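Structure first, then comments.
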Amino acid sequence: MKHPDNIIEVGSLLPDYMGFIFWEKSARYFDGVIPELPKSIKKVGVFVNETVEVILAKAQKYDLQVIQLHGQEPAEFCLNLKNELDTKIEIIKVFSVDDNFDFEVLKPFEAVCDYFLFDTKGKLPGGNGTTFDWKVLEKYPSSKPLFLSGGIGIEDMEAVNEISKTNLPLYAIDVNSKFEIEPGLKNTQLCRDALQCVSTGNKIKK
C-alpha cells in the first residue's frame, strides 16, 4: 500500500494484513504516513537485504506488527533480528520459487521465523506479476504456516480455494500486482471481490 486514501478504503474491507514496502528501488516504496487502521489489521513492513538497525527503526516509527524479509537474508540474520525485535512482532521469510526449488533451504529458517512466503522467482525481489506452478508445493516438507504469493489474481481464487482443502498449511494469500490500478494503488472493488471469493478459512493480505 502507498496512498493514504486508498489505504483507508482497502482498510475498510478488513484484510488481515496490509503491506508497506521499505525497499527504495520499488515502485511501491512507502515513505509517508500510515492513517489510522482498524486494530485487527496487522501492518507488514517489507524489507530487502536491509540492516537490523533500519528495520528496528521502521518497526518503531510505523508500529509494525510483522516484518517480511524479501531478500537473501540468511538464517543468522533472522535470528539476530528476532532477538532484537519486540517478541510480539512476527517474521515472514520469503523464498523465490520455480520448478527446481530445493525445499532443503528452509531447514535453517524453521526456528527463526514465524511464516514462510513463497513468491515467483523473477527479475525483481517481488511484484513480478506471474505465478509459479503450485504443484511444486506438493513437496513442501514443513508444518510451518505459509503465505502464497506471486501474481495471484481474482481469476485464481477458485484454485486457491481448492489448494486450501489440501494438507498444505496454507495460512494466507498475498495479493498485489493483479489487484492494482498502478503500483501501490489497489482496485478496491477487486479486493472486495477477492474477499468474497476466497474460502472462509483463508486470510488475504493486500
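As shown in the C-alpha cells, the chain order sets the letters A, B, ...; within each chain, residues go from 1, and ligands are also counted from 1 in the order they appear.
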Any idea what's packed within 7 Å of Gly11 in chain A, counting only C-alpha atoms, ignoring anything in its chain fewer than 4 positions away? Could you give it as a PDB file with C-alpha atoms, in the first residue's frame?
```
ATOM      1  CA  ILE A   7      -5.136   2.639   2.441  1.00  0.00           C
ATOM      2  CA  PRO A  15      -7.912  -7.563   5.351  1.00  0.00           C
ATOM      3  CA  LEU A  37      -6.416   1.489  10.635  1.00  0.00           C
TER       4      LEU A  37
END
```
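Residues in contact range of Arg192 in chain A, defined as at most 12 Å between only C-alpha atoms, with sequence neighbours fewer than 2 positions away removed, read Glu9, Val10, Gly11, Ser12, Leu13, Leu14, Pro15, Ile154, Val175, Phe179, Lys186, Asn187, Thr188, Gln189, Leu190, Ala194, Leu195, Gln196, Cys197, Val198, Ile204 and Lys206 of chain A.
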Selected residues written out with C-alpha atoms, as a short mmCIF file (atom, residue, chain, number, x, y, z; two decimals), in the first residue's frame:
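Ended up saving to out.cif:
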```cif
data_model
loop_
_atom_site.label_atom_id
_atom_site.label_comp_id
_atom_site.auth_asym_id
_atom_site.auth_seq_id
_atom_site.Cartn_x
_atom_site.Cartn_y
_atom_site.Cartn_z
CA GLU A 9 -10.58 2.38 1.52
CA VAL A 10 -8.92 -1.02 1.48
CA GLY A 11 -8.64 -1.00 5.26
CA SER A 12 -12.42 -0.71 5.48
CA LEU A 13 -12.60 -4.20 3.93
CA LEU A 14 -10.71 -5.55 6.97
CA PRO A 15 -7.91 -7.56 5.35
CA ILE A 154 -9.17 -12.70 -8.96
CA VAL A 175 -2.35 -10.34 -3.40
CA PHE A 179 -5.20 -6.01 -7.85
CA LYS A 186 -5.23 -1.02 -5.20
CA ASN A 187 -8.52 -1.57 -7.02
CA THR A 188 -10.83 -1.64 -4.02
CA GLN A 189 -13.64 -3.43 -5.84
CA LEU A 190 -11.32 -6.24 -6.93
CA ALA A 194 -11.46 -11.48 -3.71
CA LEU A 195 -12.53 -11.42 -0.08
CA GLN A 196 -15.95 -12.68 -1.12
CA CYS A 197 -14.50 -15.42 -3.34
CA VAL A 198 -11.84 -16.87 -1.11
CA ILE A 204 -5.94 -12.17 2.42
CA LYS A 206 -3.08 -6.65 0.41
#
```
What are the DSSP strand (DSSP E or B) residues of chain A, as a JSON list (two decimals) with N, CA, C and O atoms, in the first residue's frame?
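Final output, saved to selection07.json:
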```json
[["chain", "number", "residue", "atom", "x", "y", "z"],
["A", 17, "TYR", "N", -3.92, -8.48, 6.85],
["A", 17, "TYR", "CA", -2.60, -7.85, 6.79],
["A", 17, "TYR", "C", -2.61, -6.75, 5.73],
["A", 17, "TYR", "O", -3.37, -6.81, 4.76],
["A", 18, "MET", "N", -1.75, -5.76, 5.92],
["A", 18, "MET", "CA", -1.55, -4.71, 4.92],
["A", 18, "MET", "C", -0.06, -4.44, 4.83],
["A", 18, "MET", "O", 0.60, -4.20, 5.84],
["A", 19, "GLY", "N", 0.48, -4.51, 3.61],
["A", 19, "GLY", "CA", 1.92, -4.41, 3.43],
["A", 19, "GLY", "C", 2.41, -3.03, 3.01],
["A", 19, "GLY", "O", 1.77, -2.34, 2.23],
["A", 20, "PHE", "N", 3.58, -2.66, 3.54],
["A", 20, "PHE", "CA", 4.23, -1.39, 3.21],
["A", 20, "PHE", "C", 5.68, -1.70, 2.86],
["A", 20, "PHE", "O", 6.42, -2.25, 3.67],
["A", 21, "ILE", "N", 6.07, -1.35, 1.63],
["A", 21, "ILE", "CA", 7.40, -1.71, 1.12],
["A", 21, "ILE", "C", 8.42, -0.63, 1.44],
["A", 21, "ILE", "O", 8.26, 0.53, 1.03],
["A", 29, "TYR", "N", 7.50, 1.84, -3.15],
["A", 29, "TYR", "CA", 8.23, 2.29, -1.96],
["A", 29, "TYR", "C", 7.37, 3.23, -1.13],
["A", 29, "TYR", "O", 6.77, 4.18, -1.63],
["A", 42, "LYS", "N", -2.99, -6.20, 10.70],
["A", 42, "LYS", "CA", -1.57, -6.18, 11.04],
["A", 42, "LYS", "C", -0.79, -5.47, 9.94],
["A", 42, "LYS", "O", -0.91, -5.81, 8.77],
["A", 43, "LYS", "N", 0.04, -4.52, 10.34],
["A", 43, "LYS", "CA", 0.87, -3.77, 9.38],
["A", 43, "LYS", "C", 2.18, -4.53, 9.15],
["A", 43, "LYS", "O", 2.90, -4.83, 10.09],
["A", 44, "VAL", "N", 2.45, -4.79, 7.87],
["A", 44, "VAL", "CA", 3.64, -5.57, 7.49],
["A", 44, "VAL", "C", 4.66, -4.65, 6.82],
["A", 44, "VAL", "O", 4.35, -3.97, 5.84],
["A", 45, "GLY", "N", 5.86, -4.63, 7.36],
["A", 45, "GLY", "CA", 6.95, -3.89, 6.73],
["A", 45, "GLY", "C", 7.76, -4.83, 5.87],
["A", 45, "GLY", "O", 8.25, -5.86, 6.36],
["A", 46, "VAL", "N", 7.91, -4.51, 4.59],
["A", 46, "VAL", "CA", 8.63, -5.37, 3.65],
["A", 46, "VAL", "C", 10.02, -4.80, 3.41],
["A", 46, "VAL", "O", 10.16, -3.64, 2.99],
["A", 47, "PHE", "N", 11.05, -5.62, 3.65],
["A", 47, "PHE", "CA", 12.44, -5.17, 3.54],
["A", 47, "PHE", "C", 13.23, -6.13, 2.65],
["A", 47, "PHE", "O", 12.95, -7.33, 2.59],
["A", 66, "VAL", "N", 4.44, -6.98, 11.82],
["A", 66, "VAL", "CA", 5.08, -8.06, 11.07],
["A", 66, "VAL", "C", 6.22, -7.51, 10.23],
["A", 66, "VAL", "O", 6.11, -6.42, 9.66],
["A", 67, "ILE", "N", 7.33, -8.27, 10.17],
["A", 67, "ILE", "CA", 8.46, -7.93, 9.30],
["A", 67, "ILE", "C", 8.56, -9.00, 8.22],
["A", 67, "ILE", "O", 8.62, -10.20, 8.52],
["A", 68, "GLN", "N", 8.57, -8.57, 6.96],
["A", 68, "GLN", "CA", 8.70, -9.50, 5.83],
["A", 68, "GLN", "C", 10.07, -9.30, 5.19],
["A", 68, "GLN", "O", 10.38, -8.20, 4.72],
["A", 69, "LEU", "N", 10.88, -10.35, 5.21],
["A", 69, "LEU", "CA", 12.23, -10.28, 4.66],
["A", 69, "LEU", "C", 12.22, -10.87, 3.26],
["A", 69, "LEU", "O", 12.04, -12.07, 3.07],
["A", 90, "GLU", "N", 6.05, -10.49, 14.40],
["A", 90, "GLU", "CA", 6.27, -11.73, 13.68],
["A", 90, "GLU", "C", 7.20, -11.51, 12.48],
["A", 90, "GLU", "O", 7.29, -10.40, 11.95],
["A", 91, "ILE", "N", 7.86, -12.58, 12.06],
["A", 91, "ILE", "CA", 8.77, -12.51, 10.91],
["A", 91, "ILE", "C", 8.29, -13.46, 9.82],
["A", 91, "ILE", "O", 8.03, -14.65, 10.08],
["A", 92, "ILE", "N", 8.18, -12.93, 8.61],
["A", 92, "ILE", "CA", 7.88, -13.73, 7.42],
["A", 92, "ILE", "C", 9.16, -13.78, 6.58],
["A", 92, "ILE", "O", 9.71, -12.74, 6.24],
["A", 93, "LYS", "N", 9.63, -14.96, 6.26],
["A", 93, "LYS", "CA", 10.78, -15.10, 5.37],
["A", 93, "LYS", "C", 10.30, -15.54, 4.00],
["A", 93, "LYS", "O", 9.58, -16.53, 3.86],
["A", 94, "VAL", "N", 10.72, -14.79, 2.99],
["A", 94, "VAL", "CA", 10.28, -15.03, 1.61],
["A", 94, "VAL", "C", 11.29, -15.88, 0.85],
["A", 94, "VAL", "O", 12.51, -15.70, 0.99],
["A", 95, "PHE", "N", 10.78, -16.78, 0.04],
["A", 95, "PHE", "CA", 11.60, -17.60, -0.84],
["A", 95, "PHE", "C", 11.04, -17.51, -2.27],
["A", 95, "PHE", "O", 9.83, -17.63, -2.47],
["A", 96, "SER", "N", 11.95, -17.30, -3.22],
["A", 96, "SER", "CA", 11.56, -17.24, -4.63],
["A", 96, "SER", "C", 11.55, -18.64, -5.21],
["A", 96, "SER", "O", 12.55, -19.36, -5.12],
["A", 97, "VAL", "N", 10.42, -19.02, -5.79],
["A", 97, "VAL", "CA", 10.20, -20.41, -6.19],
["A", 97, "VAL", "C", 10.09, -20.55, -7.70],
["A", 97, "VAL", "O", 9.47, -19.73, -8.38],
["A", 115, "TYR", "N", 6.63, -17.48, 9.69],
["A", 115, "TYR", "CA", 5.95, -17.93, 8.48],
["A", 115, "TYR", "C", 6.95, -17.99, 7.33],
["A", 115, "TYR", "O", 7.93, -17.23, 7.30],
["A", 116, "PHE", "N", 6.65, -18.83, 6.34],
["A", 116, "PHE", "CA", 7.34, -18.80, 5.06],
["A", 116, "PHE", "C", 6.38, -18.17, 4.04],
["A", 116, "PHE", "O", 5.16, -18.36, 4.13],
["A", 117, "LEU", "N", 6.95, -17.43, 3.10],
["A", 117, "LEU", "CA", 6.17, -16.91, 1.99],
["A", 117, "LEU", "C", 6.83, -17.36, 0.70],
["A", 117, "LEU", "O", 8.04, -17.17, 0.52],
["A", 118, "PHE", "N", 6.06, -17.94, -0.19],
["A", 118, "PHE", "CA", 6.58, -18.40, -1.47],
["A", 118, "PHE", "C", 6.09, -17.48, -2.57],
["A", 118, "PHE", "O", 4.89, -17.33, -2.80],
["A", 119, "ASP", "N", 7.07, -16.87, -3.26],
["A", 119, "ASP", "CA", 6.79, -15.94, -4.36],
["A", 119, "ASP", "C", 7.42, -16.51, -5.63],
["A", 119, "ASP", "O", 8.26, -17.41, -5.57],
["A", 120, "THR", "N", 7.03, -15.97, -6.76],
["A", 120, "THR", "CA", 7.57, -16.43, -8.04],
["A", 120, "THR", "C", 8.96, -15.88, -8.27],
["A", 120, "THR", "O", 9.21, -14.68, -8.11],
["A", 146, "LEU", "N", 2.23, -21.01, 5.83],
["A", 146, "LEU", "CA", 2.85, -20.29, 4.71],
["A", 146, "LEU", "C", 1.88, -19.32, 4.04],
["A", 146, "LEU", "O", 0.67, -19.50, 4.07],
["A", 147, "PHE", "N", 2.49, -18.29, 3.47],
["A", 147, "PHE", "CA", 1.78, -17.32, 2.64],
["A", 147, "PHE", "C", 2.03, -17.72, 1.19],
["A", 147, "PHE", "O", 3.17, -18.01, 0.82],
["A", 148, "LEU", "N", 0.99, -17.69, 0.38],
["A", 148, "LEU", "CA", 1.13, -17.96, -1.04],
["A", 148, "LEU", "C", 1.07, -16.63, -1.79],
["A", 148, "LEU", "O", 0.13, -15.85, -1.62],
["A", 170, "LEU", "N", -1.60, -23.82, 4.36],
["A", 170, "LEU", "CA", -1.79, -22.50, 3.75],
["A", 170, "LEU", "C", -2.45, -21.57, 4.75],
["A", 170, "LEU", "O", -3.57, -21.82, 5.20],
["A", 171, "TYR", "N", -1.76, -20.50, 5.09],
["A", 171, "TYR", "CA", -2.24, -19.59, 6.12],
["A", 171, "TYR", "C", -2.83, -18.31, 5.53],
["A", 171, "TYR", "O", -3.82, -17.78, 6.05],
["A", 172, "ALA", "N", -2.22, -17.80, 4.47],
["A", 172, "ALA", "CA", -2.67, -16.52, 3.93],
["A", 172, "ALA", "C", -2.36, -16.41, 2.44],
["A", 172, "ALA", "O", -1.47, -17.07, 1.93],
["A", 173, "ILE", "N", -3.11, -15.55, 1.78],
["A", 173, "ILE", "CA", -2.91, -15.26, 0.37],
["A", 173, "ILE", "C", -2.40, -13.83, 0.25],
["A", 173, "ILE", "O", -3.00, -12.91, 0.79],
["A", 174, "ASP", "N", -1.29, -13.67, -0.43],
["A", 174, "ASP", "CA", -0.67, -12.35, -0.62],
["A", 174, "ASP", "C", -1.05, -11.86, -2.03],
["A", 174, "ASP", "O", -0.56, -12.39, -3.03],
["A", 180, "GLU", "N", -4.00, -4.09, -8.72],
["A", 180, "GLU", "CA", -3.57, -2.69, -8.75],
["A", 180, "GLU", "C", -4.05, -1.94, -9.98],
["A", 180, "GLU", "O", -4.13, -2.48, -11.08],
["A", 181, "ILE", "N", -4.32, -0.66, -9.77],
["A", 181, "ILE", "CA", -4.58, 0.27, -10.86],
["A", 181, "ILE", "C", -3.24, 0.78, -11.38],
["A", 181, "ILE", "O", -3.04, 0.97, -12.58],
["A", 182, "GLU", "N", -2.32, 1.00, -10.46],
["A", 182, "GLU", "CA", -0.93, 1.34, -10.72],
["A", 182, "GLU", "C", -0.15, 0.87, -9.50],
["A", 182, "GLU", "O", -0.76, 0.54, -8.47],
["A", 185, "LEU", "N", -1.34, 1.33, -5.78],
["A", 185, "LEU", "CA", -2.73, 1.80, -5.73],
["A", 185, "LEU", "C", -3.66, 0.64, -6.06],
["A", 185, "LEU", "O", -3.70, 0.16, -7.19],
["A", 186, "LYS", "N", -4.40, 0.16, -5.04],
["A", 186, "LYS", "CA", -5.23, -1.02, -5.20],
["A", 186, "LYS", "C", -6.62, -0.70, -5.75],
["A", 186, "LYS", "O", -7.19, 0.36, -5.45],
["A", 203, "LYS", "N", -6.81, -16.23, 4.76],
["A", 203, "LYS", "CA", -6.65, -14.82, 5.04],
["A", 203, "LYS", "C", -6.07, -14.15, 3.80],
["A", 203, "LYS", "O", -5.32, -14.75, 3.07],
["A", 204, "ILE", "N", -6.44, -12.90, 3.58],
["A", 204, "ILE", "CA", -5.94, -12.17, 2.42],
["A", 204, "ILE", "C", -5.09, -11.01, 2.87],
["A", 204, "ILE", "O", -5.48, -10.23, 3.75],
["A", 205, "LYS", "N", -3.93, -10.87, 2.26],
["A", 205, "LYS", "CA", -3.01, -9.78, 2.55],
["A", 205, "LYS", "C", -2.97, -8.89, 1.33],
["A", 205, "LYS", "O", -2.81, -9.35, 0.21]]
```
Neighbouring residues of Leu81 in chain A were defined as those with any atom within 10 Å, considering only C-alpha atoms; residues of the same chain fewer than 6 positions away were excluded. Please report them as a compact mmCIF listing (two decimals) with all heavy atoms, in the first residue's frame.
```
# COMPACT_ATOMS: atom_id res chain seq x y z
N THR A 51 19.47 -3.54 6.94
CA THR A 51 20.18 -3.75 8.21
C THR A 51 19.16 -3.92 9.34
O THR A 51 18.02 -3.44 9.26
CB THR A 51 21.09 -2.57 8.55
OG1 THR A 51 20.28 -1.40 8.75
CG2 THR A 51 22.08 -2.31 7.41
N VAL A 52 19.59 -4.59 10.40
CA VAL A 52 18.74 -4.76 11.57
C VAL A 52 18.35 -3.39 12.14
O VAL A 52 17.20 -3.17 12.53
CB VAL A 52 19.46 -5.60 12.64
CG1 VAL A 52 18.70 -5.56 13.96
CG2 VAL A 52 19.62 -7.04 12.18
N GLU A 53 19.30 -2.47 12.14
CA GLU A 53 19.06 -1.15 12.72
C GLU A 53 17.93 -0.41 11.99
O GLU A 53 17.05 0.19 12.61
CB GLU A 53 20.33 -0.31 12.68
CG GLU A 53 21.43 -0.77 13.63
CD GLU A 53 22.13 -2.05 13.17
OE1 GLU A 53 22.07 -2.37 11.95
OE2 GLU A 53 22.74 -2.72 14.02
N ILE A 55 15.55 -1.75 10.11
CA ILE A 55 14.29 -2.47 10.32
C ILE A 55 13.69 -2.12 11.68
O ILE A 55 12.48 -1.85 11.80
CB ILE A 55 14.50 -3.99 10.20
CG1 ILE A 55 14.89 -4.34 8.76
CG2 ILE A 55 13.23 -4.74 10.60
CD1 ILE A 55 15.26 -5.80 8.55
N LEU A 56 14.53 -2.09 12.70
CA LEU A 56 14.05 -1.75 14.04
C LEU A 56 13.48 -0.33 14.07
O LEU A 56 12.44 -0.07 14.70
CB LEU A 56 15.18 -1.88 15.06
CG LEU A 56 15.70 -3.30 15.33
CD1 LEU A 56 16.90 -3.24 16.26
CD2 LEU A 56 14.61 -4.18 15.91
N ILE A 67 7.33 -8.27 10.17
CA ILE A 67 8.46 -7.93 9.30
C ILE A 67 8.56 -9.00 8.22
O ILE A 67 8.62 -10.20 8.52
CB ILE A 67 9.78 -7.89 10.09
CG1 ILE A 67 9.70 -6.86 11.23
CG2 ILE A 67 10.95 -7.58 9.16
CD1 ILE A 67 9.45 -5.45 10.79
N ALA A 75 19.71 -17.27 7.71
CA ALA A 75 19.03 -17.63 8.95
C ALA A 75 19.63 -16.89 10.14
O ALA A 75 18.92 -16.51 11.08
CB ALA A 75 19.10 -19.14 9.16
N ILE A 91 7.86 -12.58 12.06
CA ILE A 91 8.77 -12.51 10.91
C ILE A 91 8.29 -13.46 9.82
O ILE A 91 8.03 -14.65 10.08
CB ILE A 91 10.22 -12.87 11.29
CG1 ILE A 91 10.77 -11.84 12.29
CG2 ILE A 91 11.11 -12.94 10.06
CD1 ILE A 91 12.19 -12.15 12.77
N VAL A 112 13.68 -19.65 13.27
CA VAL A 112 13.98 -18.22 13.37
C VAL A 112 12.97 -17.32 12.67
O VAL A 112 13.17 -16.12 12.56
CB VAL A 112 15.40 -17.92 12.84
CG1 VAL A 112 16.44 -18.58 13.71
CG2 VAL A 112 15.54 -18.36 11.38
N CYS A 113 11.88 -17.90 12.16
CA CYS A 113 10.82 -17.08 11.57
C CYS A 113 9.47 -17.73 11.87
O CYS A 113 9.39 -18.89 12.24
CB CYS A 113 11.03 -16.87 10.08
SG CYS A 113 10.92 -18.37 9.10
```
- Close residues, range 99-107 of chain A itself excluded, 9 Å, only C-alpha atoms, min 3 positions apart in chain, as a PyMOL selection string: chain A and resi 95-96+110-111+116+132-133+135-136+139-142
May I have the selected residues written with N, CA, C and O atoms, as a PDB file, in the first residue's frame?
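The result, stored in result14.pdb:
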```
ATOM      1  N   PHE A  95      10.776 -16.777   0.036  1.00  0.00           N
ATOM      2  CA  PHE A  95      11.602 -17.601  -0.845  1.00  0.00           C
ATOM      3  C   PHE A  95      11.038 -17.515  -2.267  1.00  0.00           C
ATOM      4  O   PHE A  95       9.828 -17.628  -2.472  1.00  0.00           O
ATOM      5  N   SER A  96      11.948 -17.300  -3.219  1.00  0.00           N
ATOM      6  CA  SER A  96      11.563 -17.237  -4.626  1.00  0.00           C
ATOM      7  C   SER A  96      11.553 -18.644  -5.206  1.00  0.00           C
ATOM      8  O   SER A  96      12.549 -19.362  -5.124  1.00  0.00           O
ATOM      9  N   GLU A 110      13.596 -22.667  10.063  1.00  0.00           N
ATOM     10  CA  GLU A 110      12.442 -23.185  10.804  1.00  0.00           C
ATOM     11  C   GLU A 110      12.288 -22.540  12.183  1.00  0.00           C
ATOM     12  O   GLU A 110      11.182 -22.215  12.612  1.00  0.00           O
ATOM     13  N   ALA A 111      13.405 -22.348  12.880  1.00  0.00           N
ATOM     14  CA  ALA A 111      13.344 -21.862  14.264  1.00  0.00           C
ATOM     15  C   ALA A 111      13.464 -20.346  14.386  1.00  0.00           C
ATOM     16  O   ALA A 111      13.344 -19.810  15.498  1.00  0.00           O
ATOM     17  N   PHE A 116       6.647 -18.827   6.345  1.00  0.00           N
ATOM     18  CA  PHE A 116       7.336 -18.797   5.063  1.00  0.00           C
ATOM     19  C   PHE A 116       6.380 -18.174   4.044  1.00  0.00           C
ATOM     20  O   PHE A 116       5.158 -18.361   4.129  1.00  0.00           O
ATOM     21  N   PHE A 132       3.852 -19.111 -10.027  1.00  0.00           N
ATOM     22  CA  PHE A 132       4.667 -20.304 -10.252  1.00  0.00           C
ATOM     23  C   PHE A 132       3.738 -21.514 -10.217  1.00  0.00           C
ATOM     24  O   PHE A 132       2.550 -21.404  -9.847  1.00  0.00           O
ATOM     25  N   ASP A 133       4.233 -22.663 -10.618  1.00  0.00           N
ATOM     26  CA  ASP A 133       3.427 -23.876 -10.654  1.00  0.00           C
ATOM     27  C   ASP A 133       3.194 -24.361  -9.220  1.00  0.00           C
ATOM     28  O   ASP A 133       4.104 -24.855  -8.569  1.00  0.00           O
ATOM     29  N   LYS A 135       1.966 -26.874  -8.060  1.00  0.00           N
ATOM     30  CA  LYS A 135       2.184 -28.305  -7.833  1.00  0.00           C
ATOM     31  C   LYS A 135       3.515 -28.553  -7.114  1.00  0.00           C
ATOM     32  O   LYS A 135       3.685 -29.585  -6.457  1.00  0.00           O
ATOM     33  N   VAL A 136       4.443 -27.590  -7.245  1.00  0.00           N
ATOM     34  CA  VAL A 136       5.724 -27.690  -6.550  1.00  0.00           C
ATOM     35  C   VAL A 136       5.500 -27.815  -5.044  1.00  0.00           C
ATOM     36  O   VAL A 136       6.256 -28.481  -4.330  1.00  0.00           O
ATOM     37  N   LYS A 139       5.582 -30.883  -2.528  1.00  0.00           N
ATOM     38  CA  LYS A 139       6.809 -31.376  -1.894  1.00  0.00           C
ATOM     39  C   LYS A 139       7.136 -30.628  -0.608  1.00  0.00           C
ATOM     40  O   LYS A 139       8.167 -30.883   0.006  1.00  0.00           O
ATOM     41  N   TYR A 140       6.268 -29.709  -0.199  1.00  0.00           N
ATOM     42  CA  TYR A 140       6.526 -28.899   0.996  1.00  0.00           C
ATOM     43  C   TYR A 140       6.712 -29.805   2.207  1.00  0.00           C
ATOM     44  O   TYR A 140       5.782 -30.540   2.586  1.00  0.00           O
ATOM     45  N   PRO A 141       7.878 -29.754   2.862  1.00  0.00           N
ATOM     46  CA  PRO A 141       8.179 -30.711   3.929  1.00  0.00           C
ATOM     47  C   PRO A 141       7.865 -30.218   5.335  1.00  0.00           C
ATOM     48  O   PRO A 141       8.087 -30.935   6.312  1.00  0.00           O
ATOM     49  N   SER A 142       7.388 -28.997   5.468  1.00  0.00           N
ATOM     50  CA  SER A 142       7.261 -28.364   6.770  1.00  0.00           C
ATOM     51  C   SER A 142       5.807 -28.258   7.223  1.00  0.00           C
ATOM     52  O   SER A 142       4.879 -28.345   6.415  1.00  0.00           O
TER      53      SER A 142
END
```
- Please report, as a PyMOL selection string, each residue of range 3-113 of chain A to which DSSP assigns helix (DSSP H, G or I) when run on this structure's backbone. chain A and resi 4-11+52-62+75-84+103-109
- Leaving out Lys178 in chain A and any residue of its chain fewer than 2 positions from it, which residues lie within 7 Å of it when counting only C-alpha atoms, given as a PyMOL selection string? chain A and resi 129+151-153+176+180
- Task: Could you give me, as an MDAnalysis selection string, the residues within 9 Å of Glu76 in chain A, counting only C-alpha atoms and dropping anything in the same chain fewer than 3 positions from it?
- Result: chainID A and resid 73 79:81 108:109 112
Save the residues we just selected, C-alpha atoms, as a PDB file, in the first residue's frame?
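Result written to out.pdb:
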```pdb
ATOM      1  CA  GLU A  73      18.803 -12.718   4.376  1.00  0.00           C
ATOM      2  CA  LEU A  79      17.829 -14.906  14.448  1.00  0.00           C
ATOM      3  CA  ASN A  80      19.611 -11.648  15.244  1.00  0.00           C
ATOM      4  CA  LEU A  81      16.574  -9.661  14.142  1.00  0.00           C
ATOM      5  CA  PRO A 108      17.850 -23.374   8.848  1.00  0.00           C
ATOM      6  CA  PHE A 109      14.904 -20.935   8.984  1.00  0.00           C
ATOM      7  CA  VAL A 112      13.982 -18.217  13.372  1.00  0.00           C
TER       8      VAL A 112
END
```
